[in-house]
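**Q** Sharing upload_4.txt here; it has compact mmCIF, C-alpha atoms.
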# COMPACT_ATOMS: atom_id res chain seq x y z
CA MET A 22 -21.97 -16.40 9.08
CA ASN A 23 -20.07 -19.16 7.27
CA SER A 24 -19.91 -17.65 3.78
CA LEU A 25 -19.45 -14.17 2.38
CA GLN A 26 -19.44 -12.89 -1.21
CA ILE A 27 -17.74 -9.59 -1.96
CA ILE A 28 -16.50 -7.66 -4.98
CA LYS A 29 -12.99 -8.84 -5.78
CA PRO A 30 -10.61 -6.61 -3.78
CA ASP A 31 -8.10 -4.03 -4.97
CA ASP A 32 -4.68 -3.38 -3.43
CA TRP A 33 -3.89 0.33 -3.51
CA HIS A 34 -0.21 -0.05 -2.56
CA LEU A 35 1.82 -3.00 -3.82
CA HIS A 36 5.51 -3.76 -4.36
CA LEU A 37 6.20 -6.40 -7.01
CA ARG A 38 9.89 -5.65 -7.64
CA ASP A 39 11.09 -6.95 -11.01
CA GLY A 40 12.93 -9.89 -12.58
CA GLU A 41 12.64 -13.25 -10.85
CA ILE A 42 11.09 -11.81 -7.68
CA LEU A 43 8.25 -10.36 -9.75
CA LYS A 44 7.53 -13.76 -11.25
CA ALA A 45 7.60 -15.41 -7.82
CA VAL A 46 5.34 -12.99 -5.92
CA LEU A 47 2.86 -11.84 -8.58
CA PRO A 48 0.66 -14.99 -8.32
CA GLU A 49 0.13 -14.22 -4.62
CA SER A 50 -1.57 -10.91 -5.49
CA GLU A 51 -3.19 -12.17 -8.68
CA ARG A 52 -5.05 -14.84 -6.71
CA HIS A 53 -7.08 -12.51 -4.48
CA PHE A 54 -6.93 -9.04 -6.09
CA ALA A 55 -8.40 -7.68 -9.31
CA ARG A 56 -6.20 -4.58 -9.44
CA ALA A 57 -3.22 -3.12 -7.65
CA LEU A 58 -1.43 0.22 -7.61
CA ILE A 59 2.16 -0.70 -8.39
CA MET A 60 4.94 1.17 -6.62
CA PRO A 61 7.71 2.67 -8.80
CA ASN A 62 10.72 2.39 -6.47
CA LEU A 63 12.73 0.01 -8.62
CA ILE A 64 16.43 0.43 -9.36
CA PRO A 65 16.48 2.65 -11.37
CA PRO A 66 13.13 4.19 -10.36
CA VAL A 67 10.19 4.41 -12.76
CA THR A 68 10.29 8.12 -13.62
CA THR A 69 8.98 8.16 -17.21
CA VAL A 70 5.88 6.94 -19.00
CA LYS A 71 8.08 4.77 -21.21
CA GLN A 72 9.55 3.03 -18.17
CA ALA A 73 6.11 2.60 -16.61
CA SER A 74 4.74 1.10 -19.82
CA LYS A 75 7.65 -1.32 -20.05
CA TYR A 76 7.22 -2.31 -16.38
CA ARG A 77 3.49 -2.84 -16.93
CA GLU A 78 4.21 -5.10 -19.90
CA SER A 79 6.58 -7.22 -17.80
CA ILE A 80 3.90 -7.61 -15.11
CA ILE A 81 1.25 -8.64 -17.63
CA LYS A 82 3.67 -11.07 -19.23
CA ALA A 83 4.28 -12.70 -15.82
CA LEU A 84 0.58 -13.29 -15.07
CA THR A 85 -0.44 -16.92 -14.69
CA GLU A 86 -3.79 -16.24 -16.39
CA LYS A 87 -4.51 -13.62 -19.03
CA ASP A 88 -6.69 -10.68 -17.87
CA SER A 89 -6.77 -11.98 -14.28
CA PHE A 90 -5.11 -8.91 -12.78
CA GLN A 91 -4.74 -5.26 -13.77
CA PRO A 92 -1.60 -3.38 -12.74
CA LEU A 93 -2.20 0.35 -12.24
CA MET A 94 1.04 2.21 -12.77
CA THR A 95 2.63 5.10 -10.90
CA LEU A 96 5.46 7.51 -11.61
CA TYR A 97 8.24 8.18 -9.14
CA LEU A 98 8.19 11.92 -8.43
CA THR A 99 11.52 13.74 -8.51
CA GLU A 100 12.45 17.40 -8.43
CA ASP A 101 13.14 17.08 -12.18
CA THR A 102 9.84 15.49 -13.22
CA LYS A 103 8.53 17.23 -16.33
CA PRO A 104 4.88 18.35 -16.51
CA SER A 105 4.87 17.06 -20.10
CA GLU A 106 5.60 13.57 -18.78
CA LEU A 107 2.56 13.73 -16.51
CA LYS A 108 0.37 14.93 -19.36
CA LEU A 109 1.59 12.05 -21.51
CA GLY A 110 0.84 9.59 -18.72
CA VAL A 111 -2.74 10.79 -18.47
CA GLN A 112 -3.27 11.01 -22.24
CA THR A 113 -2.05 7.45 -22.80
CA GLY A 114 -3.88 6.08 -19.76
CA ILE A 115 -0.66 4.49 -18.50
CA ILE A 116 -0.39 6.46 -15.25
CA THR A 117 -2.95 6.27 -12.43
CA ALA A 118 -1.06 8.26 -9.78
CA VAL A 119 2.29 9.83 -8.90
CA LYS A 120 4.31 8.72 -5.88
CA LEU A 121 6.15 11.12 -3.57
CA TYR A 122 9.03 9.62 -1.59
CA PRO A 123 10.95 11.89 0.77
CA ALA A 124 14.57 11.24 -0.20
CA GLY A 125 16.01 8.36 1.83
CA ALA A 126 12.84 7.65 3.81
CA THR A 127 12.39 4.03 2.76
CA THR A 128 13.49 1.28 0.34
CA ASN A 129 15.00 2.64 -2.89
CA SER A 130 13.97 6.22 -2.15
CA GLN A 131 17.34 7.82 -2.74
CA SER A 132 16.01 9.67 -5.81
CA GLY A 133 13.11 11.17 -3.86
CA VAL A 134 12.31 14.77 -3.03
CA LYS A 135 14.51 16.93 -0.78
CA ASP A 136 13.21 20.44 -1.52
CA TYR A 137 9.42 20.31 -1.63
CA LYS A 138 9.07 23.81 -3.07
CA LYS A 139 10.79 22.57 -6.22
CA ILE A 140 7.87 20.23 -6.93
CA TYR A 141 5.15 22.88 -6.57
CA PRO A 142 4.93 23.46 -10.36
CA ILE A 143 4.55 19.70 -10.80
CA LEU A 144 1.78 19.57 -8.20
CA GLU A 145 0.01 22.41 -9.98
CA THR A 146 0.04 20.39 -13.22
CA MET A 147 -1.23 17.34 -11.36
CA THR A 148 -4.09 19.39 -9.93
CA ASP A 149 -5.05 20.55 -13.43
CA LEU A 150 -4.87 16.98 -14.74
CA GLY A 151 -6.79 15.48 -11.83
CA LEU A 152 -3.84 13.15 -11.20
CA PRO A 153 -3.68 11.86 -7.59
CA LEU A 154 -0.58 12.21 -5.43
CA CYS A 155 0.40 9.27 -3.22
CA VAL A 156 2.77 10.17 -0.40
CA HIS A 157 5.07 8.18 1.83
CA GLY A 158 4.21 10.25 4.88
CA GLU A 159 7.45 10.46 6.84
CA VAL A 160 10.21 12.99 7.10
CA ASN A 161 13.74 11.69 6.78
CA ASN A 162 15.61 13.63 9.43
CA ASP A 163 18.02 12.11 11.94
CA SER A 164 16.99 14.69 14.53
CA ILE A 165 13.37 13.44 14.46
CA ASP A 166 12.51 10.30 16.42
CA ILE A 167 11.45 7.55 14.03
CA PHE A 168 8.15 7.15 15.90
CA ASP A 169 7.33 10.85 15.34
CA ARG A 170 8.23 11.15 11.66
CA GLU A 171 4.70 10.62 10.33
CA LEU A 172 3.24 13.38 12.49
CA VAL A 173 6.07 15.79 11.65
CA PHE A 174 5.59 15.09 7.93
CA ILE A 175 1.89 15.90 8.18
CA GLU A 176 2.55 19.14 10.03
CA THR A 177 5.57 20.44 8.10
CA VAL A 178 5.22 19.01 4.58
CA LEU A 179 1.74 17.72 3.83
CA ASP A 180 -0.36 20.44 5.39
CA PRO A 181 1.46 23.28 3.54
CA ILE A 182 1.01 21.35 0.28
CA ARG A 183 -2.70 20.89 0.92
CA GLN A 184 -3.15 24.56 1.80
CA ARG A 185 -1.44 25.58 -1.44
CA PHE A 186 -3.20 22.97 -3.60
CA PRO A 187 -6.61 22.32 -1.99
CA LYS A 188 -8.02 20.67 -5.13
CA LEU A 189 -5.15 18.17 -5.44
CA LYS A 190 -6.30 14.66 -4.56
CA ILE A 191 -3.83 13.20 -2.03
CA ILE A 192 -3.50 9.75 -0.49
CA ILE A 193 -1.39 9.35 2.66
CA GLU A 194 -0.16 5.81 2.29
CA HIS A 195 0.20 3.23 5.05
CA ILE A 196 -0.83 5.51 7.92
CA THR A 197 0.28 4.31 11.35
CA THR A 198 -0.93 6.79 13.96
CA LYS A 199 -4.11 8.09 15.53
CA SER A 200 -2.91 11.56 14.56
CA ALA A 201 -2.97 10.56 10.89
CA VAL A 202 -6.45 9.07 11.28
CA ASP A 203 -7.71 12.30 12.83
CA TYR A 204 -6.05 14.41 10.12
CA VAL A 205 -7.69 12.45 7.31
CA ASN A 206 -11.06 12.52 9.06
CA GLU A 207 -10.85 16.31 9.08
CA GLY A 208 -9.37 16.60 5.58
CA GLY A 209 -12.40 16.60 3.31
CA LYS A 210 -13.14 14.74 0.10
CA ASN A 211 -9.72 15.23 -1.54
CA LEU A 212 -7.75 13.52 1.22
CA GLY A 213 -7.65 9.75 1.63
CA ALA A 214 -5.44 7.17 3.29
CA THR A 215 -4.44 3.57 2.87
CA ILE A 216 -4.06 1.20 5.80
CA THR A 217 -1.97 -1.95 5.58
CA THR A 218 -2.87 -5.41 6.77
CA HIS A 219 0.13 -5.66 9.08
CA HIS A 220 -0.45 -2.31 10.80
CA LEU A 221 -3.88 -3.59 11.84
CA VAL A 222 -2.17 -6.58 13.48
CA ILE A 223 1.09 -5.46 15.08
CA ASN A 224 2.36 -2.67 17.30
CA ARG A 225 5.96 -1.83 18.15
CA ASN A 226 6.04 -4.38 20.97
CA ASN A 227 5.60 -7.13 18.39
CA ILE A 228 8.83 -6.00 16.74
CA LEU A 229 10.96 -5.41 19.83
CA ALA A 230 9.60 -7.04 23.00
CA GLY A 231 11.20 -10.36 23.88
CA GLY A 232 13.62 -10.24 20.96
CA ILE A 233 13.88 -8.52 17.60
CA ARG A 234 11.48 -9.91 14.98
CA PRO A 235 12.79 -8.70 11.63
CA HIS A 236 9.80 -9.91 9.61
CA TYR A 237 7.63 -7.42 11.50
CA TYR A 238 9.97 -4.52 10.75
CA CYS A 239 8.48 -2.12 8.21
CA LEU A 240 8.47 1.55 7.29
CA PRO A 241 6.62 3.44 8.54
CA VAL A 242 7.44 1.42 11.63
CA ALA A 243 4.49 0.12 13.68
CA LYS A 244 3.59 2.45 16.53
CA ARG A 245 1.93 2.16 19.98
CA GLU A 246 -1.13 0.04 20.76
CA PRO A 247 -3.50 3.07 20.92
CA ASP A 248 -2.42 3.89 17.36
CA ARG A 249 -3.12 0.35 16.16
CA LEU A 250 -6.55 0.46 17.79
CA ALA A 251 -7.32 3.77 16.06
CA LEU A 252 -6.41 2.20 12.71
CA LEU A 253 -8.51 -0.85 13.51
CA GLU A 254 -11.56 1.19 14.47
CA THR A 255 -11.25 3.26 11.29
CA ALA A 256 -10.71 0.37 8.87
CA THR A 257 -13.61 -1.65 10.27
CA SER A 258 -15.93 1.40 10.26
CA GLY A 259 -16.19 1.40 6.46
CA LYS A 260 -15.42 5.14 6.26
CA GLU A 261 -15.07 6.02 2.60
CA ASN A 262 -11.73 7.90 2.72
CA PHE A 263 -9.86 4.87 4.09
CA PHE A 264 -9.04 1.78 2.03
CA LEU A 265 -6.66 -1.14 1.76
CA GLY A 266 -3.12 -0.71 0.54
CA THR A 267 -1.19 -3.75 1.70
CA ASP A 268 2.29 -2.30 1.10
CA SER A 269 3.22 -5.95 0.63
CA ALA A 270 6.99 -5.80 0.19
CA PRO A 271 9.01 -8.92 -0.63
CA HIS A 272 12.57 -9.24 0.63
CA PHE A 273 14.71 -12.35 0.81
CA ASP A 274 15.17 -13.65 4.34
CA THR A 275 18.89 -12.98 4.03
CA GLN A 276 18.04 -9.29 3.54
CA LYS A 277 15.63 -9.20 6.48
CA GLU A 278 17.66 -11.31 8.94
CA SER A 279 20.86 -9.28 8.86
CA ALA A 280 22.78 -6.66 10.80
CA CYS A 281 20.93 -3.96 8.86
CA GLY A 282 17.67 -5.60 7.83
CA CYS A 283 15.36 -4.33 5.09
CA ALA A 284 11.99 -2.81 5.93
CA GLY A 285 8.84 -4.49 4.67
CA CYS A 286 6.23 -7.15 5.40
CA PHE A 287 5.19 -9.59 2.69
CA THR A 288 1.42 -9.91 3.07
CA ALA A 289 0.11 -10.56 -0.44
CA THR A 290 -0.45 -14.26 0.26
CA ASN A 291 -2.77 -13.97 3.25
CA SER A 292 -4.04 -10.38 3.49
CA ILE A 293 -7.66 -11.19 2.62
CA PRO A 294 -7.99 -14.11 5.11
CA ILE A 295 -6.33 -11.97 7.81
CA LEU A 296 -8.60 -9.01 7.15
CA THR A 297 -11.72 -11.14 7.07
CA GLN A 298 -10.76 -12.62 10.44
CA ILE A 299 -10.10 -9.15 11.88
CA PHE A 300 -13.41 -7.77 10.64
CA GLU A 301 -15.30 -10.78 11.99
CA ASP A 302 -13.57 -10.50 15.37
CA ASN A 303 -14.68 -6.87 15.50
CA SER A 304 -18.27 -7.62 14.41
CA ALA A 305 -17.77 -5.64 11.19
CA LEU A 306 -17.97 -8.15 8.33
CA GLU A 307 -20.60 -5.95 6.69
CA ASN A 308 -17.89 -3.28 6.18
CA LEU A 309 -15.17 -5.54 4.77
CA GLU A 310 -16.23 -4.97 1.16
CA ASN A 311 -16.10 -1.20 1.62
CA PHE A 312 -12.54 -1.33 2.91
CA VAL A 313 -11.04 -3.85 0.49
CA SER A 314 -13.17 -3.45 -2.65
CA LYS A 315 -15.18 -0.22 -2.89
CA ASN A 316 -13.66 2.79 -1.15
CA GLY A 317 -10.40 2.89 -3.09
CA ALA A 318 -12.06 2.69 -6.49
CA ILE A 319 -14.47 5.44 -5.53
CA PHE A 320 -11.66 7.70 -4.29
CA TYR A 321 -9.62 7.17 -7.45
CA GLY A 322 -12.70 7.69 -9.64
CA LEU A 323 -12.57 4.20 -11.15
CA LYS A 324 -15.36 1.71 -11.84
CA GLN A 325 -16.05 -1.10 -9.40
CA ASN A 326 -14.66 -4.50 -10.32
CA LYS A 327 -17.13 -6.81 -12.04
CA SER A 328 -15.66 -9.98 -10.55
CA TYR A 329 -16.35 -11.40 -7.08
CA ILE A 330 -14.73 -13.66 -4.53
CA THR A 331 -16.38 -16.04 -2.09
CA LEU A 332 -15.01 -16.25 1.44
CA LYS A 333 -15.87 -19.32 3.45
CA LYS A 334 -15.17 -20.54 6.93
CA GLY A 335 -12.36 -23.01 6.59
CA ASN A 336 -8.71 -23.31 7.44
CA SER A 337 -6.39 -20.73 5.92
CA ASN A 338 -3.53 -21.82 8.14
CA ASN A 339 -2.41 -24.13 5.35
CA LEU A 340 -1.29 -21.14 3.27
CA PRO A 341 2.44 -21.19 2.50
CA GLN A 342 4.78 -19.76 5.12
CA ASN A 343 7.28 -18.68 2.52
CA ILE A 344 7.73 -18.17 -1.20
CA ILE A 345 10.79 -19.63 -2.91
CA CYS A 346 12.64 -17.50 -5.44
CA ASP A 347 16.02 -18.39 -6.87
CA LYS A 348 16.40 -21.00 -4.08
CA LYS A 349 15.94 -18.30 -1.44
CA ASN A 350 13.05 -17.72 0.99
CA ILE A 351 10.66 -14.79 1.14
CA THR A 352 8.80 -15.16 4.44
CA VAL A 353 5.04 -14.60 4.44
CA PHE A 354 3.74 -12.35 7.23
CA ASP A 355 2.56 -14.31 10.27
CA PRO A 356 -0.40 -12.59 12.01
CA GLY A 357 0.09 -14.63 15.16
CA PHE A 358 -3.47 -15.93 15.31
CA GLU A 359 -5.51 -18.62 13.59
CA LEU A 360 -7.33 -17.78 10.39
CA ASN A 361 -10.79 -19.24 10.06
CA TRP A 362 -11.55 -17.82 6.62
CA GLU A 363 -10.28 -18.72 3.17
CA VAL A 364 -10.86 -17.44 -0.32
CA GLN A 365 -12.59 -20.41 -1.84
CA THR A 366 -13.87 -19.25 -5.21
CA THR A 367 -13.55 -16.32 -7.58
CA PHE A 368 -15.92 -15.53 -10.43
What's the structure tokens form of this structure?

**A**
Amino acid sequence: MNSLQIIKPDDWHLHLRDGEILKAVLPESERHFARALIMPNLIPPVTTVKQASKYRESIIKALTEKDSFQPLMTLYLTEDTKPSELKLGVQTGIITAVKLYPAGATTNSQSGVKDYKKIYPILETMTDLGLPLCVHGEVNNDSIDIFDRELVFIETVLDPIRQRFPKLKIIIEHITTKSAVDYVNEGGKNLGATITTHHLVINRNNILAGGIRPHYYCLPVAKREPDRLALLETATSGKENFFLGTDSAPHFDTQKESACGCAGCFTATNSIPILTQIFEDNSALENLENFVSKNGAIFYGLKQNKSYITLKKGNSNNLPQNIICDKKNITVFDPGFELNWEVQTTF
């Protein structure tokens, strides 16, 4: 197969930041994606509908072409989130989902949740509104090994929430372990998961073996090779409860290449060529559209995109290796293998 036409993809987990970084990185997502779920962990975090609306306006203003990309906004869940704010978000159509960050678990998550019982009334309102909950699925506890924090979160935080609110639609974002795959497979129609591009490519050896590679460091951190293979098998299977959320996260190289480097892989530029290559290598091109274009929209109860992209065999290795912003580099994720597919046309 030398050519493939699919519905234009959606990205169900995207960091755009704000200010000059937003302007620099937005075209990289706009080029290949029709919609994206925008993360609210700015400084200060996006905790109100008014803030989300203002952020959405700044994204639309930064687009290179009008109506080429639709940002889907989220609210940052805190222990003080008001049910009235959630109702307003649904009534105005501004809010697509609410994001749960365990306090201190990742970038700009200091305002996240510490006492989960305090958010139960909020989750009850979300259940009534049909408003999905996106979770960063890790505990933030120094006594828990960083490679075990996803599993512990599922067992001690997520499962009690799901037992108490079985009708609440929940997405475990950027899953990294076979345990998470198995949990979602057994979770029924109200439980979904996003898988990132980079977690399909790297394991923890890629970060640590032979020298520290800061541009592969992300949270949740990449796990063992059996975990990566479980993610790969699931993504390429086309199973409907799993879909793409790149978690593309831009950081300046000076922030990544430091004594305490930031977590995040910037994959917006080349996610679709990488994924197409991965699916071809695993004889699963027929399931690519499900993973990148269909499953997420179905899970969120949204219409399929009307636009398409054409993928053709070519040379995607000429994609930029970095994005320049304010005279500083943001390094694009390097998959470590040649890409034989490129997005040639959109219509």

**Q** Any idea what's packed within 9 Å of range 107-120 of chain A, counting all atoms listed in the file, ignoring anything in its chain fewer than 2 positions away? Could you give it as a PyMOL selection string?

**A** chain A and resi 58+60-61+69-70+73-74+77+93-98+102-105+122+143+146-147+150+152-157+321

**Q** Can you pull out every residue within 10 Å of Gly317 in chain A, counting only C-alpha atoms, but drop anything in the same chain fewer than 5 positions away, and send it as a ChimeraX atom specification?

**A** /A:30-33,213-215,261-266,311-312,322-323,325

**Q** List every protein, DNA or RNA residue that has an atom no more than 8 Å from (9.6, 12.2, 9.4) in the file's coordinate frame, counting only C-alpha atoms, and report them as a CSV table (one decimal) with C-alpha atoms, in the coordinates of the input.

**A**
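Now in result_31.csv:
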chain,number,residue,atom,x,y,z
A,126,ALA,CA,12.8,7.6,3.8
A,158,GLY,CA,4.2,10.2,4.9
A,159,GLU,CA,7.4,10.5,6.8
A,160,VAL,CA,10.2,13.0,7.1
A,161,ASN,CA,13.7,11.7,6.8
A,162,ASN,CA,15.6,13.6,9.4
A,165,ILE,CA,13.4,13.4,14.5
A,166,ASP,CA,12.5,10.3,16.4
A,167,ILE,CA,11.4,7.6,14.0
A,169,ASP,CA,7.3,10.8,15.3
A,170,ARG,CA,8.2,11.2,11.7
A,171,GLU,CA,4.7,10.6,10.3
A,172,LEU,CA,3.2,13.4,12.5
A,173,VAL,CA,6.1,15.8,11.6
A,174,PHE,CA,5.6,15.1,7.9

**Q** May I have the centre and edge lengths, in Å to one decimal, of an axis-aligned box around the listed atoms of range 24-35 of chain A with 3 Å added to every side, as JSON?

**A**
{"center_x": -9.0, "center_y": -8.7, "center_z": -1.0, "size_x": 27.7, "size_y": 24.0, "size_z": 15.6}

**Q** To one decimal place, how far is CA of Lys188 in chain A from CA of Lys210 in chain A in Å?

**A**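 Taking CA of Lys188 in chain A as the start and CA of Lys210 in chain A as the end point, the length is 9.4 Å.
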
**Q** Identify, on the basis of all atoms listed in the file, every residue whose closest approach to Pro65 in chain A does not exceed 10 Å; exclude the query and any residue fewer than 4 positions from it along the same chain; express the result as JSON, numbers by chain.

**A** {"A": [61, 72, 129, 132]}

**Q** Name the closest residue to Lys190 in chain A among the candidates A:Glu145, A:Asp163, A:Glu78, A:Glu176; distances are taken between atoms, counting all atoms listed in the file.

**A**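 Of A:Glu145, A:Asp163, A:Glu78, A:Glu176, the one nearest Lys190 in chain A is A:Glu145, counting all atoms listed in the file.
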
**Q** Could you check which residues have any atom within 9 Å of (-13.1, -15.5, -8.0), counting all atoms listed in the file with coordinates taken straight from the file, and then list them as number ranges by chain?

**A** A: 29, 52-53, 328-331, 364-368

**Q** Per residue of range 125-149 of chain A within 12 Å of range 225-246 of chain A, what are the shortest atom pair and its distance in Å to one decimal, counting all atoms listed in the file, with rows by chain and residue number, as a Markdown table?

**A**
| residue | atom | partner | partner_atom | distance |
| --- | --- | --- | --- | --- |
| A:Gly125 | CA | A:Leu240 | CA | 11.5 |
| A:Ala126 | CA | A:Leu240 | CA | 8.3 |
| A:Thr127 | CA | A:Leu240 | CA | 6.5 |
| A:Thr128 | CA | A:Leu240 | CA | 8.6 |
| A:Ser130 | CA | A:Leu240 | CA | 11.9 |

**Q** Hey, can you check how far CA of Asp248 in chain A sits from CA of Thr218 in chain A?

**A**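 Distance between the two atoms: 14.1 Å.
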
**Q** Which one is closest to Pro123 in chain A: A:Thr99, A:Ser89, A:Ser304, A:Asn316? Count only C-alpha atoms.

**A**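 Looking at the shortest contact to Pro123 in chain A, the residue is A:Thr99.
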
**Q** Name all residues at most 8 Å from Ser24 in chain A (count only C-alpha atoms; drop same-chain ones fewer than 6 positions away) and give them as JSON, numbers by chain.

**A** {"A": [331, 332, 333, 334]}

**Q** Can you tell me which residues surround Phe273 in chain A at a distance of at most 12 Å, considering all atoms listed in the file, apart from same-chain residues fewer than 6 positions away, and format the answer as a list in words?

**A**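 Returned residues: Arg38, Glu41, Ile42, Ala45, Val46, Pro235, His236, Ser279, Gly282, Cys283, Ala284, Gly285, Cys286, Phe287, Asn343, Ile344, Ile345, Cys346, Asp347, Lys348, Lys349, Asn350, Ile351, Thr352 and Val353 of chain A.
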
**Q** Quick one: of A:Ala318, A:Leu221, A:Ile59, A:Leu296, who's nearest to Leu47 in chain A, counting all atoms listed in the file?

**A**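 Once distances to Leu47 in chain A are computed over all atoms listed in the file, the minimum belongs to A:Ile59.
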
**Q** Distance CA of Thr257 in chain A-CA of Lys324 in chain A, one decimal place?

**A** 22.4 Å

**Q** Please determine, counting only C-alpha atoms, which residue among A:Pro48, A:Pro247, A:Gly40, A:Pro92 has the shortest atom-to-atom distance to Ala289 in chain A.

**A**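 Of all the options, A:Pro48 lies closest to Ala289 in chain A.
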
**Q** Determine the nearest neighbour of Thr197 in chain A from the options A:Lys135, A:Lys327, A:Arg249, A:Arg183, counting all atoms listed in the file.

**A**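 Residue with the minimum atom-to-atom distance to Thr197 in chain A: A:Arg249.
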